[in-house]
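*Asks:* File coords29.pdb below, PDB, C-alpha atoms:
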```pdb
ATOM      1  CA  MET A   1     -22.485  45.024 -64.562  1.00  0.00           C
ATOM      2  CA  ARG A   2     -20.156  47.949 -63.956  1.00  0.00           C
ATOM      3  CA  ARG A   3     -16.593  47.102 -64.940  1.00  0.00           C
ATOM      4  CA  SER A   4     -14.976  48.959 -62.029  1.00  0.00           C
ATOM      5  CA  ALA A   5     -17.089  47.069 -59.464  1.00  0.00           C
ATOM      6  CA  ALA A   6     -16.245  43.738 -61.094  1.00  0.00           C
ATOM      7  CA  ASP A   7     -12.570  44.714 -61.243  1.00  0.00           C
ATOM      8  CA  LYS A   8     -12.581  45.493 -57.523  1.00  0.00           C
ATOM      9  CA  LEU A   9     -13.880  42.011 -56.749  1.00  0.00           C
ATOM     10  CA  LEU A  10     -11.470  40.286 -59.123  1.00  0.00           C
ATOM     11  CA  ARG A  11      -8.500  42.224 -57.712  1.00  0.00           C
ATOM     12  CA  LEU A  12      -9.539  41.254 -54.186  1.00  0.00           C
ATOM     13  CA  ALA A  13      -9.911  37.594 -55.240  1.00  0.00           C
ATOM     14  CA  ALA A  14      -6.401  37.670 -56.738  1.00  0.00           C
ATOM     15  CA  GLU A  15      -4.989  39.249 -53.582  1.00  0.00           C
ATOM     16  CA  ARG A  16      -6.849  37.275 -50.900  1.00  0.00           C
ATOM     17  CA  GLN A  17      -7.676  34.191 -52.948  1.00  0.00           C
ATOM     18  CA  ILE A  18     -10.925  33.687 -51.015  1.00  0.00           C
ATOM     19  CA  VAL A  19     -13.587  36.419 -51.102  1.00  0.00           C
ATOM     20  CA  ARG A  20     -16.671  36.583 -48.916  1.00  0.00           C
ATOM     21  CA  THR A  21     -20.018  38.192 -49.613  1.00  0.00           C
ATOM     22  CA  LYS A  22     -19.162  40.454 -46.680  1.00  0.00           C
ATOM     23  CA  ASP A  23     -16.032  41.625 -48.551  1.00  0.00           C
ATOM     24  CA  ALA A  24     -18.168  42.685 -51.521  1.00  0.00           C
ATOM     25  CA  ASN A  25     -20.422  44.674 -49.170  1.00  0.00           C
ATOM     26  CA  GLU A  26     -17.373  46.389 -47.638  1.00  0.00           C
ATOM     27  CA  LEU A  27     -16.202  47.383 -51.140  1.00  0.00           C
ATOM     28  CA  GLY A  28     -19.627  48.855 -51.852  1.00  0.00           C
ATOM     29  CA  VAL A  29     -20.249  46.261 -54.562  1.00  0.00           C
ATOM     30  CA  PRO A  30     -23.727  44.670 -54.740  1.00  0.00           C
ATOM     31  CA  ARG A  31     -23.791  40.975 -53.814  1.00  0.00           C
ATOM     32  CA  ASN A  32     -25.312  39.942 -57.135  1.00  0.00           C
ATOM     33  CA  TYR A  33     -22.011  40.816 -58.843  1.00  0.00           C
ATOM     34  CA  LEU A  34     -20.489  37.702 -57.264  1.00  0.00           C
ATOM     35  CA  GLY A  35     -23.092  35.477 -58.920  1.00  0.00           C
ATOM     36  CA  ARG A  36     -22.596  37.216 -62.258  1.00  0.00           C
ATOM     37  CA  LEU A  37     -18.830  36.720 -62.079  1.00  0.00           C
ATOM     38  CA  VAL A  38     -19.418  33.016 -61.316  1.00  0.00           C
ATOM     39  CA  GLN A  39     -21.691  32.721 -64.390  1.00  0.00           C
ATOM     40  CA  LYS A  40     -18.982  34.298 -66.547  1.00  0.00           C
ATOM     41  CA  GLY A  41     -16.370  31.885 -65.168  1.00  0.00           C
ATOM     42  CA  LEU A  42     -14.316  34.653 -63.555  1.00  0.00           C
ATOM     43  CA  LEU A  43     -15.000  33.411 -60.014  1.00  0.00           C
ATOM     44  CA  GLN A  44     -15.825  30.017 -58.518  1.00  0.00           C
ATOM     45  CA  ARG A  45     -18.216  29.431 -55.641  1.00  0.00           C
ATOM     46  CA  VAL A  46     -16.359  27.475 -52.946  1.00  0.00           C
ATOM     47  CA  HIS A  47     -19.134  27.446 -50.377  1.00  0.00           C
ATOM     48  CA  ARG A  48     -22.128  29.543 -49.472  1.00  0.00           C
ATOM     49  CA  GLY A  49     -20.832  33.110 -49.300  1.00  0.00           C
ATOM     50  CA  LEU A  50     -17.252  32.118 -50.269  1.00  0.00           C
ATOM     51  CA  TYR A  51     -15.717  32.622 -53.707  1.00  0.00           C
ATOM     52  CA  THR A  52     -12.294  32.205 -55.276  1.00  0.00           C
ATOM     53  CA  SER A  53     -10.508  32.832 -58.535  1.00  0.00           C
ATOM     54  CA  PRO A  54     -10.528  29.846 -60.963  1.00  0.00           C
ATOM     55  CA  ARG A  55      -6.746  30.331 -61.239  1.00  0.00           C
ATOM     56  CA  PHE A  56      -6.343  29.821 -57.495  1.00  0.00           C
ATOM     57  CA  SER A  57      -4.460  26.551 -57.046  1.00  0.00           C
ATOM     58  CA  GLY A  58      -5.077  26.598 -53.307  1.00  0.00           C
ATOM     59  CA  THR A  59      -2.773  26.425 -50.337  1.00  0.00           C
ATOM     60  CA  GLU A  60      -2.400  23.578 -47.926  1.00  0.00           C
ATOM     61  CA  HIS A  61      -4.384  25.701 -45.467  1.00  0.00           C
ATOM     62  CA  VAL A  62      -7.395  26.408 -47.698  1.00  0.00           C
ATOM     63  CA  THR A  63      -9.760  24.242 -45.609  1.00  0.00           C
ATOM     64  CA  LEU A  64      -8.578  26.010 -42.449  1.00  0.00           C
ATOM     65  CA  ILE A  65      -9.322  29.350 -44.117  1.00  0.00           C
ATOM     66  CA  GLU A  66     -12.788  28.155 -45.147  1.00  0.00           C
ATOM     67  CA  ALA A  67     -13.455  26.884 -41.616  1.00  0.00           C
ATOM     68  CA  SER A  68     -12.318  30.181 -40.076  1.00  0.00           C
ATOM     69  CA  TYR A  69     -14.768  32.050 -42.314  1.00  0.00           C
ATOM     70  CA  GLN A  70     -17.545  29.719 -41.152  1.00  0.00           C
ATOM     71  CA  LEU A  71     -16.543  30.129 -37.471  1.00  0.00           C
ATOM     72  CA  PRO A  72     -14.962  33.576 -37.128  1.00  0.00           C
ATOM     73  CA  LYS A  73     -14.701  33.235 -33.317  1.00  0.00           C
ATOM     74  CA  GLY A  74     -13.249  29.726 -33.510  1.00  0.00           C
ATOM     75  CA  VAL A  75      -9.598  28.778 -33.066  1.00  0.00           C
ATOM     76  CA  VAL A  76      -7.850  25.986 -34.994  1.00  0.00           C
ATOM     77  CA  CYS A  77      -6.873  23.364 -32.428  1.00  0.00           C
ATOM     78  CA  LEU A  78      -5.751  19.780 -31.729  1.00  0.00           C
ATOM     79  CA  LEU A  79      -5.081  17.647 -34.850  1.00  0.00           C
ATOM     80  CA  SER A  80      -5.496  20.571 -37.273  1.00  0.00           C
ATOM     81  CA  ALA A  81      -3.159  22.748 -35.194  1.00  0.00           C
ATOM     82  CA  LEU A  82      -0.646  19.862 -35.024  1.00  0.00           C
ATOM     83  CA  ARG A  83      -0.638  19.752 -38.820  1.00  0.00           C
ATOM     84  CA  PHE A  84      -0.412  23.543 -39.081  1.00  0.00           C
ATOM     85  CA  HIS A  85       2.673  23.576 -36.820  1.00  0.00           C
ATOM     86  CA  ASN A  86       4.183  20.604 -38.745  1.00  0.00           C
ATOM     87  CA  PHE A  87       4.157  18.323 -35.696  1.00  0.00           C
ATOM     88  CA  THR A  88       2.644  15.618 -37.893  1.00  0.00           C
ATOM     89  CA  THR A  89       2.524  14.760 -41.592  1.00  0.00           C
ATOM     90  CA  GLN A  90      -1.010  13.381 -41.350  1.00  0.00           C
ATOM     91  CA  SER A  91      -3.816  15.664 -42.468  1.00  0.00           C
ATOM     92  CA  PRO A  92      -7.014  15.212 -40.471  1.00  0.00           C
ATOM     93  CA  HIS A  93     -10.131  14.718 -42.587  1.00  0.00           C
ATOM     94  CA  GLU A  94     -11.945  17.270 -40.377  1.00  0.00           C
ATOM     95  CA  VAL A  95     -10.916  20.751 -39.296  1.00  0.00           C
ATOM     96  CA  TRP A  96     -10.681  20.803 -35.499  1.00  0.00           C
ATOM     97  CA  MET A  97     -11.960  24.128 -34.142  1.00  0.00           C
ATOM     98  CA  ALA A  98     -12.285  25.301 -30.540  1.00  0.00           C
ATOM     99  CA  ILE A  99     -15.344  27.351 -29.641  1.00  0.00           C
ATOM    100  CA  SER A 100     -16.810  28.634 -26.406  1.00  0.00           C
ATOM    101  CA  SER A 101     -18.594  26.037 -24.292  1.00  0.00           C
ATOM    102  CA  ASN A 102     -21.775  28.133 -24.342  1.00  0.00           C
ATOM    103  CA  ALA A 103     -21.679  29.091 -28.052  1.00  0.00           C
ATOM    104  CA  TRP A 104     -24.474  27.893 -30.316  1.00  0.00           C
ATOM    105  CA  THR A 105     -23.698  24.906 -32.517  1.00  0.00           C
ATOM    106  CA  PRO A 106     -23.451  26.099 -36.120  1.00  0.00           C
ATOM    107  CA  ARG A 107     -24.731  24.078 -39.062  1.00  0.00           C
ATOM    108  CA  ILE A 108     -21.797  23.722 -41.409  1.00  0.00           C
ATOM    109  CA  SER A 109     -21.788  21.176 -44.216  1.00  0.00           C
ATOM    110  CA  SER A 110     -18.440  22.037 -45.749  1.00  0.00           C
ATOM    111  CA  PRO A 111     -15.655  21.805 -44.853  1.00  0.00           C
ATOM    112  CA  PRO A 112     -16.208  19.064 -42.267  1.00  0.00           C
ATOM    113  CA  ILE A 113     -15.542  20.614 -38.846  1.00  0.00           C
ATOM    114  CA  ARG A 114     -14.994  18.890 -35.488  1.00  0.00           C
ATOM    115  CA  LEU A 115     -15.996  21.249 -32.677  1.00  0.00           C
ATOM    116  CA  VAL A 116     -14.166  21.221 -29.357  1.00  0.00           C
ATOM    117  CA  ARG A 117     -15.804  23.100 -26.498  1.00  0.00           C
ATOM    118  CA  MET A 118     -13.519  25.160 -24.243  1.00  0.00           C
ATOM    119  CA  SER A 119     -14.218  27.785 -21.629  1.00  0.00           C
ATOM    120  CA  GLY A 120     -12.552  30.604 -19.746  1.00  0.00           C
ATOM    121  CA  ARG A 121      -8.782  30.868 -19.881  1.00  0.00           C
ATOM    122  CA  ALA A 122      -8.443  27.558 -21.730  1.00  0.00           C
ATOM    123  CA  LEU A 123     -10.149  29.130 -24.773  1.00  0.00           C
ATOM    124  CA  HIS A 124      -8.488  32.543 -24.571  1.00  0.00           C
ATOM    125  CA  PHE A 125      -4.951  31.415 -23.722  1.00  0.00           C
ATOM    126  CA  GLY A 126      -2.546  30.964 -26.623  1.00  0.00           C
ATOM    127  CA  PRO A 127      -4.360  31.805 -29.866  1.00  0.00           C
ATOM    128  CA  GLU A 128      -1.960  33.202 -32.466  1.00  0.00           C
ATOM    129  CA  GLU A 129      -2.939  35.099 -35.591  1.00  0.00           C
ATOM    130  CA  HIS A 130      -1.316  34.049 -38.879  1.00  0.00           C
ATOM    131  CA  LYS A 131      -1.868  35.970 -42.112  1.00  0.00           C
ATOM    132  CA  ILE A 132      -2.421  33.509 -44.948  1.00  0.00           C
ATOM    133  CA  SER A 133      -3.752  34.463 -48.378  1.00  0.00           C
ATOM    134  CA  GLY A 134      -4.928  37.815 -47.040  1.00  0.00           C
ATOM    135  CA  THR A 135      -6.867  36.118 -44.246  1.00  0.00           C
ATOM    136  CA  ILE A 136      -6.193  36.141 -40.517  1.00  0.00           C
ATOM    137  CA  LEU A 137      -6.162  32.540 -39.314  1.00  0.00           C
ATOM    138  CA  ARG A 138      -6.416  31.983 -35.554  1.00  0.00           C
ATOM    139  CA  VAL A 139      -4.449  28.919 -34.421  1.00  0.00           C
ATOM    140  CA  PHE A 140      -3.406  27.898 -30.923  1.00  0.00           C
ATOM    141  CA  SER A 141       0.310  28.331 -30.205  1.00  0.00           C
ATOM    142  CA  PRO A 142       2.583  25.264 -30.341  1.00  0.00           C
ATOM    143  CA  ALA A 143       2.697  25.043 -26.515  1.00  0.00           C
ATOM    144  CA  LYS A 144      -1.093  25.319 -26.156  1.00  0.00           C
ATOM    145  CA  THR A 145      -1.611  22.797 -28.960  1.00  0.00           C
ATOM    146  CA  VAL A 146       0.584  20.213 -27.213  1.00  0.00           C
ATOM    147  CA  VAL A 147      -1.127  20.812 -23.873  1.00  0.00           C
ATOM    148  CA  ASP A 148      -4.573  20.495 -25.476  1.00  0.00           C
ATOM    149  CA  CYS A 149      -3.504  17.111 -26.850  1.00  0.00           C
ATOM    150  CA  PHE A 150      -2.946  15.953 -23.266  1.00  0.00           C
ATOM    151  CA  LYS A 151      -6.164  17.562 -22.057  1.00  0.00           C
ATOM    152  CA  PHE A 152      -8.188  15.867 -24.806  1.00  0.00           C
ATOM    153  CA  ARG A 153      -6.141  12.649 -24.859  1.00  0.00           C
ATOM    154  CA  ASN A 154      -9.353  10.593 -24.595  1.00  0.00           C
ATOM    155  CA  LYS A 155     -10.469  12.065 -27.950  1.00  0.00           C
ATOM    156  CA  ILE A 156      -7.197  11.827 -29.876  1.00  0.00           C
ATOM    157  CA  GLY A 157      -5.100   9.256 -27.985  1.00  0.00           C
ATOM    158  CA  VAL A 158      -2.269   9.627 -25.491  1.00  0.00           C
ATOM    159  CA  ASP A 159       0.262   8.408 -28.090  1.00  0.00           C
ATOM    160  CA  VAL A 160      -0.589  11.442 -30.277  1.00  0.00           C
ATOM    161  CA  ALA A 161      -0.085  13.749 -27.280  1.00  0.00           C
ATOM    162  CA  ILE A 162       3.311  12.221 -26.424  1.00  0.00           C
ATOM    163  CA  GLU A 163       4.462  12.439 -30.045  1.00  0.00           C
ATOM    164  CA  ALA A 164       3.321  16.083 -30.211  1.00  0.00           C
ATOM    165  CA  LEU A 165       5.344  16.895 -27.096  1.00  0.00           C
ATOM    166  CA  LYS A 166       8.451  15.225 -28.520  1.00  0.00           C
ATOM    167  CA  GLU A 167       8.107  16.991 -31.892  1.00  0.00           C
ATOM    168  CA  CYS A 168       7.522  20.348 -30.235  1.00  0.00           C
ATOM    169  CA  ARG A 169      10.743  19.988 -28.220  1.00  0.00           C
ATOM    170  CA  ARG A 170      12.728  18.568 -31.157  1.00  0.00           C
ATOM    171  CA  MET A 171      11.687  21.455 -33.404  1.00  0.00           C
ATOM    172  CA  LYS A 172      12.200  23.980 -30.572  1.00  0.00           C
ATOM    173  CA  LYS A 173       8.770  25.506 -31.144  1.00  0.00           C
ATOM    174  CA  ALA A 174       8.108  26.046 -27.417  1.00  0.00           C
ATOM    175  CA  THR A 175      10.184  26.273 -24.256  1.00  0.00           C
ATOM    176  CA  MET A 176       9.553  24.145 -21.185  1.00  0.00           C
ATOM    177  CA  ASP A 177       8.319  27.287 -19.412  1.00  0.00           C
ATOM    178  CA  GLU A 178       5.737  27.948 -22.160  1.00  0.00           C
ATOM    179  CA  LEU A 179       4.564  24.335 -22.018  1.00  0.00           C
ATOM    180  CA  TRP A 180       4.378  24.442 -18.228  1.00  0.00           C
ATOM    181  CA  GLU A 181       2.398  27.706 -18.217  1.00  0.00           C
ATOM    182  CA  ALA A 182      -0.103  26.320 -20.743  1.00  0.00           C
ATOM    183  CA  ALA A 183      -0.360  23.074 -18.747  1.00  0.00           C
ATOM    184  CA  LYS A 184      -1.276  25.039 -15.606  1.00  0.00           C
ATOM    185  CA  VAL A 185      -3.896  27.093 -17.444  1.00  0.00           C
ATOM    186  CA  CYS A 186      -5.478  23.923 -18.872  1.00  0.00           C
ATOM    187  CA  ARG A 187      -5.145  22.051 -15.550  1.00  0.00           C
ATOM    188  CA  VAL A 188      -3.098  19.154 -16.888  1.00  0.00           C
ATOM    189  CA  ALA A 189       0.220  19.963 -15.208  1.00  0.00           C
ATOM    190  CA  ASN A 190       0.128  16.774 -13.087  1.00  0.00           C
ATOM    191  CA  VAL A 191      -0.705  14.665 -16.139  1.00  0.00           C
ATOM    192  CA  MET A 192       2.134  16.164 -18.197  1.00  0.00           C
ATOM    193  CA  ARG A 193       4.807  16.326 -15.481  1.00  0.00           C
ATOM    194  CA  PRO A 194       6.208  12.790 -15.941  1.00  0.00           C
ATOM    195  CA  TYR A 195       6.338  13.177 -19.743  1.00  0.00           C
ATOM    196  CA  MET A 196       8.038  16.562 -19.500  1.00  0.00           C
ATOM    197  CA  GLU A 197      10.563  15.308 -16.927  1.00  0.00           C
ATOM    198  CA  SER A 198      11.496  12.407 -19.209  1.00  0.00           C
ATOM    199  CA  LEU A 199      12.575  14.741 -22.048  1.00  0.00           C
TER     200      LEU A 199
END
```
Take the structure in the file and write it out as structure tokens.
*Replies:*
Amino acid sequence: MRRSAADKLLRLAAERQIVRTKDANELGVPRNYLGRLVQKGLLQRVHRGLYTSPRFSGTEHVTLIEASYQLPKGVVCLLSALRFHNFTTQSPHEVWMAISSNAWTPRISSPPIRLVRMSGRALHFGPEEHKISGTILRVFSPAKTVVDCFKFRNKIGVDVAIEALKECRRMKKATMDELWEAAKVCRVANVMRPYMESL
């Protein structure tokens, strides 16, 4: 194993914390180097095609990062987005990800992912990109997250949606105009109106 190739991978693992097989290909390093570094204890295999440094203590968003690698076109939504925006202290045991309504259903064993199908403007309105551990994580904006909670209230409960709206306003993460615009895009303006007027 060439030292410079191994060093490239180890430097990338230290910088990004999670390295994909694709990253090794982009560096011009053969894939088998990842397996060799795992055997030597210099890398750990997190999941198929995902590796990390053994010194990596993790971030609170490590499962979101893993999920985004598994679903590169997905967007973190609902309960996972609530946690990301600190609207709740509870961590969902699944990563909630929005995908296109006509996308194929991927087979992912880890981390556990809960797919939410969205289409048109509802899927493309409000995703934000956050750089975490050298990775771009796509998460719906605070306003879109709150509105989605009302749209999918049958899945997560109306009490969760109301609490999300209150926390969003208390923390000043979205204006009433941003909430109203997202509510119109997702076609829940009439549902949300009484809750928004009561704030």
*Asks:* Could you state the separation of CA of Ser101 (chain A) and CA of Ser119 (chain A) in Å, given to one decimal place?
*Replies:* 5.4 Å
*Asks:* What would the selection look like, as a PDB file with C-alpha atoms, keeping the file's coordinate frame, if the PyMOL selection byres ((chain A and resi 82) around 12) were run on the coordinates I just shared?
*Replies:*
```pdb
ATOM      1  CA  VAL A  76      -7.850  25.986 -34.994  1.00  0.00           C
ATOM      2  CA  CYS A  77      -6.873  23.364 -32.428  1.00  0.00           C
ATOM      3  CA  LEU A  78      -5.751  19.780 -31.729  1.00  0.00           C
ATOM      4  CA  LEU A  79      -5.081  17.647 -34.850  1.00  0.00           C
ATOM      5  CA  SER A  80      -5.496  20.571 -37.273  1.00  0.00           C
ATOM      6  CA  ALA A  81      -3.159  22.748 -35.194  1.00  0.00           C
ATOM      7  CA  ARG A  83      -0.638  19.752 -38.820  1.00  0.00           C
ATOM      8  CA  PHE A  84      -0.412  23.543 -39.081  1.00  0.00           C
ATOM      9  CA  HIS A  85       2.673  23.576 -36.820  1.00  0.00           C
ATOM     10  CA  ASN A  86       4.183  20.604 -38.745  1.00  0.00           C
ATOM     11  CA  PHE A  87       4.157  18.323 -35.696  1.00  0.00           C
ATOM     12  CA  THR A  88       2.644  15.618 -37.893  1.00  0.00           C
ATOM     13  CA  THR A  89       2.524  14.760 -41.592  1.00  0.00           C
ATOM     14  CA  GLN A  90      -1.010  13.381 -41.350  1.00  0.00           C
ATOM     15  CA  SER A  91      -3.816  15.664 -42.468  1.00  0.00           C
ATOM     16  CA  PRO A  92      -7.014  15.212 -40.471  1.00  0.00           C
ATOM     17  CA  VAL A  95     -10.916  20.751 -39.296  1.00  0.00           C
ATOM     18  CA  TRP A  96     -10.681  20.803 -35.499  1.00  0.00           C
ATOM     19  CA  VAL A 139      -4.449  28.919 -34.421  1.00  0.00           C
ATOM     20  CA  PHE A 140      -3.406  27.898 -30.923  1.00  0.00           C
ATOM     21  CA  SER A 141       0.310  28.331 -30.205  1.00  0.00           C
ATOM     22  CA  PRO A 142       2.583  25.264 -30.341  1.00  0.00           C
ATOM     23  CA  ALA A 143       2.697  25.043 -26.515  1.00  0.00           C
ATOM     24  CA  LYS A 144      -1.093  25.319 -26.156  1.00  0.00           C
ATOM     25  CA  THR A 145      -1.611  22.797 -28.960  1.00  0.00           C
ATOM     26  CA  VAL A 146       0.584  20.213 -27.213  1.00  0.00           C
ATOM     27  CA  VAL A 147      -1.127  20.812 -23.873  1.00  0.00           C
ATOM     28  CA  ASP A 148      -4.573  20.495 -25.476  1.00  0.00           C
ATOM     29  CA  CYS A 149      -3.504  17.111 -26.850  1.00  0.00           C
ATOM     30  CA  ILE A 156      -7.197  11.827 -29.876  1.00  0.00           C
ATOM     31  CA  VAL A 160      -0.589  11.442 -30.277  1.00  0.00           C
ATOM     32  CA  ALA A 161      -0.085  13.749 -27.280  1.00  0.00           C
ATOM     33  CA  GLU A 163       4.462  12.439 -30.045  1.00  0.00           C
ATOM     34  CA  ALA A 164       3.321  16.083 -30.211  1.00  0.00           C
ATOM     35  CA  LEU A 165       5.344  16.895 -27.096  1.00  0.00           C
ATOM     36  CA  GLU A 167       8.107  16.991 -31.892  1.00  0.00           C
ATOM     37  CA  CYS A 168       7.522  20.348 -30.235  1.00  0.00           C
ATOM     38  CA  LYS A 173       8.770  25.506 -31.144  1.00  0.00           C
TER      39      LYS A 173
END
```
*Asks:* Would you work out the distance separating CA of Pro194 (chain A) from CA of Arg121 (chain A), expressed in Å to one decimal?
*Replies:*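 Result for CA of Pro194 (chain A) versus CA of Arg121 (chain A): 23.8 Å, one decimal.
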*Asks:* Tell me which of A:Ile99, A:Ser53, A:Glu129, A:Pro111 sits closest to Glu15 (chain A), counting all atoms listed in the file.
*Replies:*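 Of all the options, A:Ser53 lies closest to Glu15 (chain A).
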*Asks:* At a cut-off of 12 Å, using all atoms listed in the file, what residues contact Val46 (chain A)? Leave out same-chain residues fewer than 5 positions from it and give the result as an MDAnalysis selection string.
*Replies:* chainID A and resid 17:21 34 38 51:54 56 58 62:63 65:67 69 110:111
*Asks:* Expand the PyMOL selection byres ((chain A and resi 181-187) around 9) into the explicit residue set it covers here, and present it as a short mmCIF file (atom, residue, chain, number, x, y, z; two decimals) with C-alpha atoms, in the coordinates of the input.
*Replies:*
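Written file, result.cif:
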```cif
data_model
loop_
_atom_site.label_atom_id
_atom_site.label_comp_id
_atom_site.auth_asym_id
_atom_site.auth_seq_id
_atom_site.Cartn_x
_atom_site.Cartn_y
_atom_site.Cartn_z
CA ARG A 121 -8.78 30.87 -19.88
CA ALA A 122 -8.44 27.56 -21.73
CA PHE A 125 -4.95 31.42 -23.72
CA GLY A 126 -2.55 30.96 -26.62
CA ALA A 143 2.70 25.04 -26.52
CA LYS A 144 -1.09 25.32 -26.16
CA VAL A 146 0.58 20.21 -27.21
CA VAL A 147 -1.13 20.81 -23.87
CA ASP A 148 -4.57 20.50 -25.48
CA PHE A 150 -2.95 15.95 -23.27
CA LYS A 151 -6.16 17.56 -22.06
CA MET A 176 9.55 24.14 -21.18
CA ASP A 177 8.32 27.29 -19.41
CA GLU A 178 5.74 27.95 -22.16
CA LEU A 179 4.56 24.34 -22.02
CA TRP A 180 4.38 24.44 -18.23
CA VAL A 188 -3.10 19.15 -16.89
CA ALA A 189 0.22 19.96 -15.21
CA ASN A 190 0.13 16.77 -13.09
CA VAL A 191 -0.70 14.66 -16.14
CA MET A 192 2.13 16.16 -18.20
#
```
*Asks:* Between A:Arg153, A:Ser198, A:Leu43, A:Lys8, single out the one closest to Ala24 (chain A), counting all atoms listed in the file.
*Replies:*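 Selected residue with least distance to Ala24 (chain A): A:Lys8.
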*Asks:* Distance CA of Asn154 (chain A)-CA of Ala98 (chain A), one decimal place?
*Replies:*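 Between CA of Asn154 (chain A) and CA of Ala98 (chain A) the gap is 16.1 Å.
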*Asks:* Residues within 8 Å of Leu10 (chain A), please, as a ChimeraX atom specification. Count all atoms listed in the file; anything in the same chain fewer than 3 positions from it doesn't count.
*Replies:* /A:6-7,13-14,42-43,53
*Asks:* Tell me, as a list in words, which residues lie within 10 Å of Ile108 (chain A), counting all atoms listed in the file; anything in the same chain fewer than 5 positions away does not count.
*Replies:*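 Surrounding residues, per the criterion: Arg48, Ala67, Gln70, Leu71 and Ile113 of chain A.
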*Asks:* Taking only C-alpha atoms into account, which of A:Glu94, A:Lys131, A:Ile162, A:Leu37 comes nearest Ser109 (chain A)?
*Replies:*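 Ranked by minimum distance to Ser109 (chain A), first place goes to A:Glu94.
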*Asks:* From the list A:Thr175, A:Arg11, A:Arg36, A:Asp23, which residue is nearest Leu50 (chain A) when using only C-alpha atoms?
*Replies:*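 Among A:Thr175, A:Arg11, A:Arg36, A:Asp23, it is A:Asp23 that comes nearest to Leu50 (chain A).
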*Asks:* What are the centre and the three edge lengths of an axis-aligned box that wraps all atoms of region 188-191 of chain A in the file, given that 3 Å is added to every side, written as lines of an AutoDock Vina configuration file and rounded to one decimal in Å?
*Replies:*
```
center_x = -1.4
center_y = 17.3
center_z = -15.0
size_x = 9.3
size_y = 11.3
size_z = 9.8
```
*Asks:* Have a look at A:Arg170, A:Arg193, A:Lys22, A:Arg107 and name the one nearest to Gly49 (chain A); count all atoms listed in the file.
*Replies:*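 Closest to Gly49 (chain A) of all the choices is A:Lys22.
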